[in-house]
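Structure file structure.cif (mmCIF, C-alpha atoms and all ligand atoms) is printed below.
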```cif
data_model
loop_
_atom_site.label_atom_id
_atom_site.label_comp_id
_atom_site.auth_asym_id
_atom_site.auth_seq_id
_atom_site.Cartn_x
_atom_site.Cartn_y
_atom_site.Cartn_z
CA MET A 1 0.00 0.00 0.00
CA THR A 2 1.38 3.40 -0.98
CA GLU A 3 1.05 6.65 0.93
CA PRO A 4 -0.42 9.71 -0.85
CA ALA A 5 2.10 12.43 -1.70
CA LEU A 6 0.23 15.30 -0.11
CA LEU A 7 0.59 18.78 -1.58
CA ALA A 8 -2.15 21.22 -0.47
CA LYS A 9 -5.93 21.49 -0.71
CA VAL A 10 -5.51 24.49 -3.01
CA ILE A 11 -2.81 24.36 -5.69
CA ALA A 12 -2.27 27.43 -7.86
CA HIS A 13 -2.50 26.12 -11.44
CA ARG A 14 0.41 27.55 -13.49
CA GLY A 15 0.66 29.99 -10.56
CA ALA A 16 -2.12 32.52 -10.02
CA SER A 17 -2.74 32.23 -13.75
CA GLY A 18 -6.20 33.79 -13.72
CA VAL A 19 -4.56 37.15 -12.93
CA ALA A 20 -0.84 36.98 -13.82
CA PRO A 21 0.66 35.37 -16.93
CA GLU A 22 0.68 31.60 -16.50
CA ASN A 23 3.88 29.78 -15.55
CA THR A 24 5.82 32.97 -14.80
CA LEU A 25 7.74 34.12 -11.73
CA ALA A 26 5.09 36.82 -11.27
CA ALA A 27 2.30 34.22 -11.23
CA ILE A 28 4.14 32.27 -8.54
CA SER A 29 4.88 35.34 -6.42
CA LEU A 30 1.25 36.40 -6.68
CA ALA A 31 0.02 32.93 -5.66
CA ALA A 32 2.31 33.01 -2.62
CA SER A 33 1.21 36.53 -1.69
CA VAL A 34 -2.46 35.49 -1.53
CA GLY A 35 -1.67 32.51 0.71
CA ALA A 36 -1.16 29.56 -1.64
CA LYS A 37 1.18 26.94 -0.18
CA CYS A 38 1.68 24.99 -3.41
CA VAL A 39 1.78 25.65 -7.15
CA GLU A 40 1.64 23.60 -10.34
CA ILE A 41 3.88 24.46 -13.30
CA ASP A 42 4.71 22.82 -16.64
CA ALA A 43 8.22 22.18 -17.95
CA SER A 44 9.72 21.36 -21.34
CA ILE A 45 13.21 21.68 -22.81
CA SER A 46 15.16 23.95 -25.14
CA SER A 47 17.17 22.57 -28.08
CA ASP A 48 20.19 22.45 -25.76
CA ASN A 49 18.28 20.50 -23.08
CA ILE A 50 17.63 23.28 -20.56
CA PRO A 51 14.20 23.03 -18.88
CA PHE A 52 11.90 26.05 -19.20
CA VAL A 53 8.55 26.63 -17.54
CA HIS A 54 5.92 26.75 -20.26
CA HIS A 55 2.72 24.90 -21.13
CA ASP A 56 2.45 24.68 -24.92
CA ASP A 57 4.77 23.10 -27.49
CA GLY A 58 4.57 26.38 -29.41
CA LEU A 59 5.65 29.80 -28.15
CA GLU A 60 2.90 31.89 -29.76
CA ARG A 61 0.13 31.90 -27.15
CA CYS A 62 2.19 32.87 -24.10
CA THR A 63 5.34 34.62 -25.35
CA ASN A 64 6.57 37.10 -27.94
CA GLY A 65 8.40 34.25 -29.72
CA SER A 66 7.21 31.80 -32.36
CA GLY A 67 7.72 28.20 -33.36
CA TYR A 68 8.44 25.23 -31.13
CA LEU A 69 10.06 26.00 -27.78
CA CYS A 70 12.23 22.88 -28.24
CA ALA A 71 13.65 24.32 -31.48
CA HIS A 72 15.26 27.27 -29.67
CA THR A 73 18.41 27.43 -27.57
CA ALA A 74 18.22 28.48 -23.95
CA ALA A 75 19.96 31.74 -24.80
CA GLU A 76 17.28 32.52 -27.40
CA LEU A 77 14.49 31.66 -24.95
CA ASP A 78 16.09 33.85 -22.26
CA ALA A 79 15.50 36.83 -24.54
CA LEU A 80 11.71 36.28 -24.70
CA THR A 81 8.93 37.71 -22.59
CA ALA A 82 5.93 35.68 -21.48
CA SER A 83 3.06 38.04 -20.81
CA ALA A 84 0.37 35.66 -22.16
CA GLY A 85 -1.67 38.66 -23.23
CA LYS A 86 -1.83 40.10 -19.69
CA ALA A 87 -1.35 43.85 -20.08
CA ASP A 88 0.26 44.63 -16.72
CA PHE A 89 3.02 42.05 -17.10
CA GLU A 90 4.70 42.94 -20.37
CA ASN A 91 8.30 42.39 -19.26
CA GLU A 92 7.90 39.03 -17.55
CA PRO A 93 10.67 36.67 -18.65
CA LEU A 94 10.04 33.16 -19.89
CA PRO A 95 11.53 31.42 -16.84
CA ARG A 96 14.06 28.64 -16.69
CA LEU A 97 13.03 25.86 -14.32
CA SER A 98 16.14 26.60 -12.26
CA ALA A 99 14.96 30.18 -11.66
CA MET A 100 11.52 28.91 -10.69
CA VAL A 101 13.01 26.46 -8.19
CA SER A 102 15.05 29.26 -6.61
CA LEU A 103 11.95 31.40 -6.23
CA LEU A 104 9.85 28.57 -4.77
CA SER A 105 12.63 27.75 -2.38
CA SER A 106 12.89 31.33 -1.16
CA LEU A 107 9.10 31.57 -0.80
CA GLN A 108 8.88 28.11 0.85
CA ILE A 109 6.19 26.98 -1.60
CA GLY A 110 5.52 23.34 -2.54
CA LEU A 111 5.50 22.16 -6.14
CA ASN A 112 3.68 19.89 -8.53
CA LEU A 113 6.02 19.90 -11.48
CA GLU A 114 4.35 18.63 -14.62
CA ILE A 115 6.83 17.18 -17.12
CA LYS A 116 5.37 18.34 -20.43
CA PRO A 117 7.53 16.92 -23.23
CA THR A 118 6.99 17.82 -26.83
CA PRO A 119 6.04 14.41 -28.30
CA GLY A 120 9.25 12.55 -29.13
CA LEU A 121 11.28 14.29 -26.42
CA GLU A 122 9.93 12.36 -23.45
CA GLU A 123 13.25 10.93 -22.29
CA PRO A 124 15.51 14.01 -22.57
CA THR A 125 12.81 16.20 -21.03
CA ALA A 126 12.37 13.95 -18.01
CA ILE A 127 16.13 13.59 -17.56
CA ALA A 128 16.75 17.35 -17.76
CA VAL A 129 13.93 18.10 -15.32
CA CYS A 130 15.19 15.47 -12.86
CA ASP A 131 18.71 16.89 -13.10
CA VAL A 132 17.51 20.36 -12.05
CA ILE A 133 15.44 18.93 -9.20
CA ARG A 134 18.27 16.72 -7.98
CA ASP A 135 20.64 19.68 -7.96
CA SER A 136 18.44 22.28 -6.33
CA TRP A 137 15.05 21.24 -4.89
CA PRO A 138 15.00 21.77 -1.09
CA MET A 139 14.32 18.42 0.60
CA ASP A 140 11.94 19.92 3.17
CA LEU A 141 9.35 21.23 0.66
CA PRO A 142 6.58 19.08 -0.87
CA LEU A 143 7.29 17.97 -4.44
CA VAL A 144 5.41 15.76 -6.90
CA LEU A 145 6.52 15.12 -10.47
CA SER A 146 3.58 14.39 -12.79
CA SER A 147 3.07 13.76 -16.47
CA PHE A 148 0.52 12.66 -19.05
CA SER A 149 3.50 10.84 -20.59
CA ARG A 150 4.01 7.39 -19.11
CA GLU A 151 7.41 7.28 -20.78
CA ALA A 152 8.46 10.47 -18.99
CA LEU A 153 7.23 9.06 -15.67
CA ALA A 154 9.19 5.84 -16.21
CA VAL A 155 12.35 7.85 -16.91
CA ALA A 156 11.72 10.00 -13.81
CA ARG A 157 11.16 6.86 -11.71
CA ASP A 158 14.56 5.51 -12.78
CA SER A 159 16.43 8.83 -12.78
CA LEU A 160 15.17 10.26 -9.49
CA PRO A 161 13.47 7.44 -7.57
CA GLY A 162 13.18 9.46 -4.35
CA ALA A 163 10.86 12.08 -5.86
CA ALA A 164 7.12 11.38 -5.58
CA ARG A 165 5.27 10.92 -8.88
CA ALA A 166 1.69 11.32 -10.09
CA LEU A 167 0.04 9.68 -13.07
CA LEU A 168 -1.71 12.52 -14.88
CA VAL A 169 -4.83 11.69 -16.90
CA CYS A 170 -8.03 13.31 -18.06
CA ALA A 171 -10.38 10.35 -17.45
CA VAL A 172 -9.46 7.47 -15.13
CA PRO A 173 -8.05 4.70 -17.33
CA THR A 174 -9.24 1.14 -16.73
CA ASP A 175 -5.66 0.11 -15.91
CA TRP A 176 -5.05 2.95 -13.40
CA HIS A 177 -4.11 0.56 -10.60
CA HIS A 178 -1.61 -1.38 -12.70
CA GLN A 179 -0.11 1.80 -14.20
CA THR A 180 0.33 3.59 -10.90
CA GLN A 181 2.03 0.49 -9.48
CA LEU A 182 4.24 0.03 -12.54
CA LEU A 183 5.33 3.68 -12.52
CA GLN A 184 5.51 3.71 -8.71
CA CYS A 185 3.19 6.70 -8.57
CA ARG A 186 1.81 7.83 -5.22
CA ASN A 187 -0.86 10.10 -6.74
CA LEU A 188 -3.33 10.28 -9.58
CA HIS A 189 -4.17 13.72 -10.98
CA MET A 190 -7.19 14.06 -13.27
CA ALA A 191 -9.86 16.27 -14.81
CA ALA A 192 -12.48 17.19 -12.19
CA PRO A 193 -15.59 16.75 -14.37
CA LEU A 194 -14.60 13.17 -15.21
CA LEU A 195 -14.41 11.82 -11.65
CA ASP A 196 -17.30 9.95 -10.06
CA GLU A 197 -17.79 9.02 -6.41
CA GLN A 198 -16.98 5.34 -6.81
CA GLN A 199 -13.73 6.13 -8.62
CA ALA A 200 -12.75 8.59 -5.90
CA LYS A 201 -13.34 5.92 -3.28
CA ASP A 202 -11.46 3.23 -5.19
CA ILE A 203 -8.46 5.48 -5.86
CA THR A 204 -8.16 6.81 -2.32
CA ASP A 205 -8.83 3.34 -0.81
CA ALA A 206 -5.84 2.15 -2.85
CA GLY A 207 -3.69 4.63 -0.92
CA LEU A 208 -3.22 7.09 -3.76
CA GLY A 209 -3.32 10.86 -3.49
CA LEU A 210 -6.10 12.26 -5.69
CA TYR A 211 -5.98 15.81 -7.11
CA CYS A 212 -8.32 17.36 -9.72
CA PHE A 213 -7.89 20.09 -12.35
CA THR A 214 -9.00 22.77 -13.14
CA VAL A 215 -11.48 23.92 -10.51
CA ASN A 216 -12.30 27.62 -10.23
CA GLN A 217 -15.56 27.46 -8.25
CA PRO A 218 -15.28 26.93 -4.48
CA ASP A 219 -18.55 24.98 -4.30
CA GLU A 220 -17.24 22.56 -6.92
CA ALA A 221 -14.02 22.20 -4.92
CA ALA A 222 -16.01 21.56 -1.72
CA ARG A 223 -18.00 18.83 -3.51
CA LEU A 224 -14.78 17.13 -4.66
CA LEU A 225 -13.12 17.39 -1.25
CA ALA A 226 -16.21 15.79 0.31
CA MET A 227 -15.70 12.86 -2.10
CA GLY A 228 -12.22 12.32 -0.69
CA VAL A 229 -10.22 14.32 -3.26
CA HIS A 230 -7.10 15.66 -1.54
CA GLY A 231 -6.92 18.97 -3.39
CA VAL A 232 -7.69 20.97 -6.52
CA PHE A 233 -5.73 22.92 -9.09
CA THR A 234 -7.17 26.40 -9.55
CA ASP A 235 -6.35 29.47 -11.62
CA TYR A 236 -7.73 31.69 -8.81
CA PRO A 237 -6.06 30.63 -5.55
CA GLU A 238 -7.13 33.74 -3.63
CA GLU A 239 -10.84 33.26 -4.34
CA MET A 240 -10.55 29.49 -3.74
CA LEU A 241 -8.82 29.89 -0.38
CA ILE A 242 -11.43 32.42 0.74
CA GLY A 243 -14.30 30.31 -0.63
CA LEU A 244 -13.11 27.20 1.21
CA GLY A 245 -12.46 29.18 4.38
CA SER A 246 -8.80 28.08 4.40
O1 LIG B 1 -1.33 19.13 -13.77
C1 LIG B 1 -2.67 19.47 -13.87
C2 LIG B 1 -2.96 20.20 -15.16
O2 LIG B 1 -2.06 21.25 -15.29
C3 LIG B 1 -2.89 19.29 -16.36
O3 LIG B 1 -3.30 19.91 -17.55
O4 LIG B 1 -3.00 21.12 -19.65
O5 LIG B 1 -3.23 22.39 -17.52
O6 LIG B 1 -1.16 21.13 -18.00
P1 LIG B 1 -2.64 21.20 -18.20
MG MG B 2 -0.07 21.44 -16.17
#
```

Produce structure tokens that represent the structure in this file.
Amino acid sequence: MTEPALLAKVIAHRGASGVAPENTLAAISLAASVGAKCVEIDASISSDNIPFVHHDDGLERCTNGSGYLCAHTAAELDALTASAGKADFENEPLPRLSAMVSLLSSLQIGLNLEIKPTPGLEEPTAIAVCDVIRDSWPMDLPLVLSSFSREALAVARDSLPGAARALLVCAVPTDWHHQTQLLQCRNLHMAAPLLDEQQAKDITDAGLGLYCFTVNQPDEAARLLAMGVHGVFTDYPEEMLIGLGS
């Protein structure tokens, strides 16, 4: 029987991404300033294998760059801004994972780090992410590595066995128990609207941590928590913390 890798009831999804540009240092600082104790961010790699914090394969939606992030060197990506269309944040850098880890460490904020490889780059992405975490994540702060990519999770399991992992899915797959055992995952993270009460019971009875994305309404979060869900990812941590009375 595994033990859940507990993060927090309220996890700021890509930082306080409803207000600040997602996956930026500003979004993390804002989440911390409104009381969040844990954030979720996404990481992928540059052409020279440096992890950056960014959600999409392409740079267009969130930065002033274009093309695949993985086609650019780290030096090229360092020159970009990542305002994601948010007017008050025009000079926000596109952050390296190492810079994000430093900030989280100084703020004493826990992390769900989603390994988000561009398809085909599962192994180098997981290795590069694990290298940064091994070098610089403070041991006393909560950390869970998650991914939709089972290949990335297998590489993380072998590269950094001491770090907790979460199988990330939209709907609960029929083989969730086998997969979480195979990948030695302590948590399952999934889309909130696709969870039913029996699944929540089965997953938590199996000793897994259960977290749901993306939940922006406190009453929806309260319903999930009452089903045994351990926490929710939200774009609006301030409103969620107030709404849940936390
Ligand atoms: O990790 C939870 C959630 O972030 C997964 O989906 O697309 O927002 O990265 P996405
Ligand atoms: Mg994510």

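Take atom CA of Leu94 of chain A and atom CA of Ala75 of chain A: the distance between them is 11.2 Å.
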
request  = Write as an NGL selection string the residues around ligand LIG 1 (chain B), taking 9 Å as the cut-off and counting all atoms listed in the file.
outcome  = :A and (13-14 or 40-42 or 55-56 or 112-116 or 146-148 or 168-170 or 189-191 or 211-214 or 233)

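Considering all atoms listed in the file, the residue among A:Ser44, A:Thr2, A:Thr24, A:Gln199 positioned nearest to Leu121 of chain A is A:Ser44.
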
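Using all atoms listed in the file for every distance, the candidate list A:Glu3, A:Ile11, A:Trp176, A:Pro138 yields A:Ile11 as the residue closest to ligand MG 2 (chain B).
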
note = Nearest to Ala27 of chain A, restricted to all atoms listed in the file and choosing among A:Pro117, A:Ala128, A:Met139, A:Pro237, comes out as A:Pro237

request  = Within 12 Å of Arg134 of chain A, counting all atoms listed in the file, which residues show up once you throw out same-chain ones fewer than 6 positions away? Write them as an NGL selection string, please.
outcome  = :A and (98 or 101 or 126-128 or 143 or 156 or 159-163)

inquiry  = Show me, as an MDAnalysis selection string, the residues that have an atom within 10 Å of Ser17 of chain A when counting all atoms listed in the file, minus same-chain residues fewer than 6 positions from it.
reply    = chainID A and resid 23:24 26:28 30:31 84 86 234:237

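Using all atoms listed in the file, the shortest contact distance between Arg186 of chain A and any of A:Met240, A:Ala82, A:Ala200, A:Leu145 is found at A:Leu145.
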
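Taking all atoms listed in the file into account, the residues near (9.5, 18.1, -28.6), no farther than 9 Å, are Ser44, Ile45, Ser46, Ser47, Asp57, Tyr68, Leu69, Cys70, Ala71, Pro117, Thr118, Pro119, Gly120, Leu121, Glu122 and Thr125 of chain A.
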
ask   = What is the atom CA of Ala226 of chain A-atom CA of Lys201 of chain A distance in Å, reported with one decimal?
value = 10.9 Å

request  = Compare A:Leu6, A:Ala166, A:Leu182, A:Leu107 by their minimum atom-to-atom distance to ligand MG 2 (chain B), counting all atoms listed in the file, and give me the closest one.
outcome  = A:Ala166

request  = Point out the residue among A:Pro93, A:Gly15, A:Pro21, A:Gly85 with the least atom-to-atom distance to ligand MG 2 (chain B), counting only C-alpha atoms and all ligand atoms.
outcome  = A:Gly15

Can I get segment 109-135 of chain A with N, CA, C and O atoms filled in, as a PDB file, in the frame of the given file?
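Saved to selection_29.pdb:
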```pdb
ATOM      1  N   ILE A 109       7.428  27.425  -0.951  1.00  0.00           N
ATOM      2  CA  ILE A 109       6.190  26.980  -1.600  1.00  0.00           C
ATOM      3  C   ILE A 109       6.409  25.582  -2.187  1.00  0.00           C
ATOM      4  O   ILE A 109       7.428  25.336  -2.841  1.00  0.00           O
ATOM      5  N   GLY A 110       5.445  24.680  -1.978  1.00  0.00           N
ATOM      6  CA  GLY A 110       5.520  23.340  -2.540  1.00  0.00           C
ATOM      7  C   GLY A 110       5.222  23.334  -4.029  1.00  0.00           C
ATOM      8  O   GLY A 110       4.693  24.302  -4.579  1.00  0.00           O
ATOM      9  N   LEU A 111       5.557  22.193  -4.673  1.00  0.00           N
ATOM     10  CA  LEU A 111       5.500  22.160  -6.140  1.00  0.00           C
ATOM     11  C   LEU A 111       4.949  20.857  -6.673  1.00  0.00           C
ATOM     12  O   LEU A 111       5.383  19.775  -6.285  1.00  0.00           O
ATOM     13  N   ASN A 112       3.990  20.989  -7.603  1.00  0.00           N
ATOM     14  CA  ASN A 112       3.680  19.890  -8.530  1.00  0.00           C
ATOM     15  C   ASN A 112       4.261  20.298  -9.874  1.00  0.00           C
ATOM     16  O   ASN A 112       3.795  21.239 -10.505  1.00  0.00           O
ATOM     17  N   LEU A 113       5.305  19.594 -10.243  1.00  0.00           N
ATOM     18  CA  LEU A 113       6.020  19.900 -11.480  1.00  0.00           C
ATOM     19  C   LEU A 113       5.563  18.931 -12.555  1.00  0.00           C
ATOM     20  O   LEU A 113       5.841  17.731 -12.487  1.00  0.00           O
ATOM     21  N   GLU A 114       4.832  19.466 -13.518  1.00  0.00           N
ATOM     22  CA  GLU A 114       4.350  18.630 -14.620  1.00  0.00           C
ATOM     23  C   GLU A 114       5.401  18.578 -15.722  1.00  0.00           C
ATOM     24  O   GLU A 114       5.767  19.607 -16.292  1.00  0.00           O
ATOM     25  N   ILE A 115       5.884  17.374 -16.014  1.00  0.00           N
ATOM     26  CA  ILE A 115       6.830  17.180 -17.120  1.00  0.00           C
ATOM     27  C   ILE A 115       5.999  17.146 -18.399  1.00  0.00           C
ATOM     28  O   ILE A 115       5.135  16.290 -18.567  1.00  0.00           O
ATOM     29  N   LYS A 116       6.245  18.121 -19.275  1.00  0.00           N
ATOM     30  CA  LYS A 116       5.370  18.340 -20.430  1.00  0.00           C
ATOM     31  C   LYS A 116       6.192  18.229 -21.713  1.00  0.00           C
ATOM     32  O   LYS A 116       6.445  19.229 -22.406  1.00  0.00           O
ATOM     33  N   PRO A 117       6.641  17.031 -22.066  1.00  0.00           N
ATOM     34  CA  PRO A 117       7.530  16.920 -23.230  1.00  0.00           C
ATOM     35  C   PRO A 117       6.796  17.175 -24.538  1.00  0.00           C
ATOM     36  O   PRO A 117       5.651  16.752 -24.701  1.00  0.00           O
ATOM     37  N   THR A 118       7.463  17.847 -25.449  1.00  0.00           N
ATOM     38  CA  THR A 118       6.990  17.820 -26.830  1.00  0.00           C
ATOM     39  C   THR A 118       7.074  16.363 -27.277  1.00  0.00           C
ATOM     40  O   THR A 118       8.087  15.692 -27.002  1.00  0.00           O
ATOM     41  N   PRO A 119       6.017  15.831 -27.927  1.00  0.00           N
ATOM     42  CA  PRO A 119       6.040  14.410 -28.300  1.00  0.00           C
ATOM     43  C   PRO A 119       7.322  14.041 -29.044  1.00  0.00           C
ATOM     44  O   PRO A 119       7.737  14.725 -29.986  1.00  0.00           O
ATOM     45  N   GLY A 120       7.962  12.985 -28.586  1.00  0.00           N
ATOM     46  CA  GLY A 120       9.250  12.550 -29.130  1.00  0.00           C
ATOM     47  C   GLY A 120      10.408  12.882 -28.211  1.00  0.00           C
ATOM     48  O   GLY A 120      11.466  12.267 -28.293  1.00  0.00           O
ATOM     49  N   LEU A 121      10.200  13.859 -27.319  1.00  0.00           N
ATOM     50  CA  LEU A 121      11.280  14.290 -26.420  1.00  0.00           C
ATOM     51  C   LEU A 121      11.024  13.869 -24.971  1.00  0.00           C
ATOM     52  O   LEU A 121      11.466  14.536 -24.029  1.00  0.00           O
ATOM     53  N   GLU A 122      10.299  12.782 -24.802  1.00  0.00           N
ATOM     54  CA  GLU A 122       9.930  12.360 -23.450  1.00  0.00           C
ATOM     55  C   GLU A 122      11.169  12.083 -22.583  1.00  0.00           C
ATOM     56  O   GLU A 122      11.256  12.577 -21.444  1.00  0.00           O
ATOM     57  N   GLU A 123      12.108  11.319 -23.111  1.00  0.00           N
ATOM     58  CA  GLU A 123      13.250  10.930 -22.290  1.00  0.00           C
ATOM     59  C   GLU A 123      14.164  12.117 -21.949  1.00  0.00           C
ATOM     60  O   GLU A 123      14.455  12.346 -20.771  1.00  0.00           O
ATOM     61  N   PRO A 124      14.634  12.894 -22.953  1.00  0.00           N
ATOM     62  CA  PRO A 124      15.510  14.010 -22.570  1.00  0.00           C
ATOM     63  C   PRO A 124      14.823  15.047 -21.691  1.00  0.00           C
ATOM     64  O   PRO A 124      15.474  15.675 -20.843  1.00  0.00           O
ATOM     65  N   THR A 125      13.510  15.219 -21.875  1.00  0.00           N
ATOM     66  CA  THR A 125      12.810  16.200 -21.030  1.00  0.00           C
ATOM     67  C   THR A 125      12.788  15.724 -19.587  1.00  0.00           C
ATOM     68  O   THR A 125      13.115  16.487 -18.660  1.00  0.00           O
ATOM     69  N   ALA A 126      12.426  14.470 -19.378  1.00  0.00           N
ATOM     70  CA  ALA A 126      12.370  13.950 -18.010  1.00  0.00           C
ATOM     71  C   ALA A 126      13.756  13.962 -17.364  1.00  0.00           C
ATOM     72  O   ALA A 126      13.898  14.316 -16.183  1.00  0.00           O
ATOM     73  N   ILE A 127      14.772  13.607 -18.129  1.00  0.00           N
ATOM     74  CA  ILE A 127      16.130  13.590 -17.560  1.00  0.00           C
ATOM     75  C   ILE A 127      16.564  15.008 -17.174  1.00  0.00           C
ATOM     76  O   ILE A 127      17.095  15.240 -16.077  1.00  0.00           O
ATOM     77  N   ALA A 128      16.320  15.969 -18.047  1.00  0.00           N
ATOM     78  CA  ALA A 128      16.750  17.350 -17.760  1.00  0.00           C
ATOM     79  C   ALA A 128      15.999  17.920 -16.559  1.00  0.00           C
ATOM     80  O   ALA A 128      16.589  18.618 -15.718  1.00  0.00           O
ATOM     81  N   VAL A 129      14.713  17.631 -16.470  1.00  0.00           N
ATOM     82  CA  VAL A 129      13.930  18.100 -15.320  1.00  0.00           C
ATOM     83  C   VAL A 129      14.458  17.466 -14.031  1.00  0.00           C
ATOM     84  O   VAL A 129      14.674  18.153 -13.020  1.00  0.00           O
ATOM     85  N   CYS A 130      14.683  16.166 -14.063  1.00  0.00           N
ATOM     86  CA  CYS A 130      15.190  15.470 -12.860  1.00  0.00           C
ATOM     87  C   CYS A 130      16.561  16.008 -12.458  1.00  0.00           C
ATOM     88  O   CYS A 130      16.857  16.122 -11.256  1.00  0.00           O
ATOM     89  N   ASP A 131      17.386  16.351 -13.429  1.00  0.00           N
ATOM     90  CA  ASP A 131      18.710  16.890 -13.100  1.00  0.00           C
ATOM     91  C   ASP A 131      18.594  18.201 -12.322  1.00  0.00           C
ATOM     92  O   ASP A 131      19.317  18.417 -11.341  1.00  0.00           O
ATOM     93  N   VAL A 132      17.688  19.086 -12.764  1.00  0.00           N
ATOM     94  CA  VAL A 132      17.510  20.360 -12.050  1.00  0.00           C
ATOM     95  C   VAL A 132      16.996  20.105 -10.636  1.00  0.00           C
ATOM     96  O   VAL A 132      17.484  20.695  -9.661  1.00  0.00           O
ATOM     97  N   ILE A 133      16.016  19.215 -10.521  1.00  0.00           N
ATOM     98  CA  ILE A 133      15.440  18.930  -9.200  1.00  0.00           C
ATOM     99  C   ILE A 133      16.484  18.311  -8.276  1.00  0.00           C
ATOM    100  O   ILE A 133      16.612  18.684  -7.102  1.00  0.00           O
ATOM    101  N   ARG A 134      17.242  17.380  -8.801  1.00  0.00           N
ATOM    102  CA  ARG A 134      18.270  16.720  -7.980  1.00  0.00           C
ATOM    103  C   ARG A 134      19.281  17.737  -7.461  1.00  0.00           C
ATOM    104  O   ARG A 134      19.691  17.708  -6.309  1.00  0.00           O
ATOM    105  N   ASP A 135      19.627  18.691  -8.322  1.00  0.00           N
ATOM    106  CA  ASP A 135      20.640  19.680  -7.960  1.00  0.00           C
ATOM    107  C   ASP A 135      20.124  20.724  -6.969  1.00  0.00           C
ATOM    108  O   ASP A 135      20.889  21.260  -6.183  1.00  0.00           O
TER     109      ASP A 135
END
```
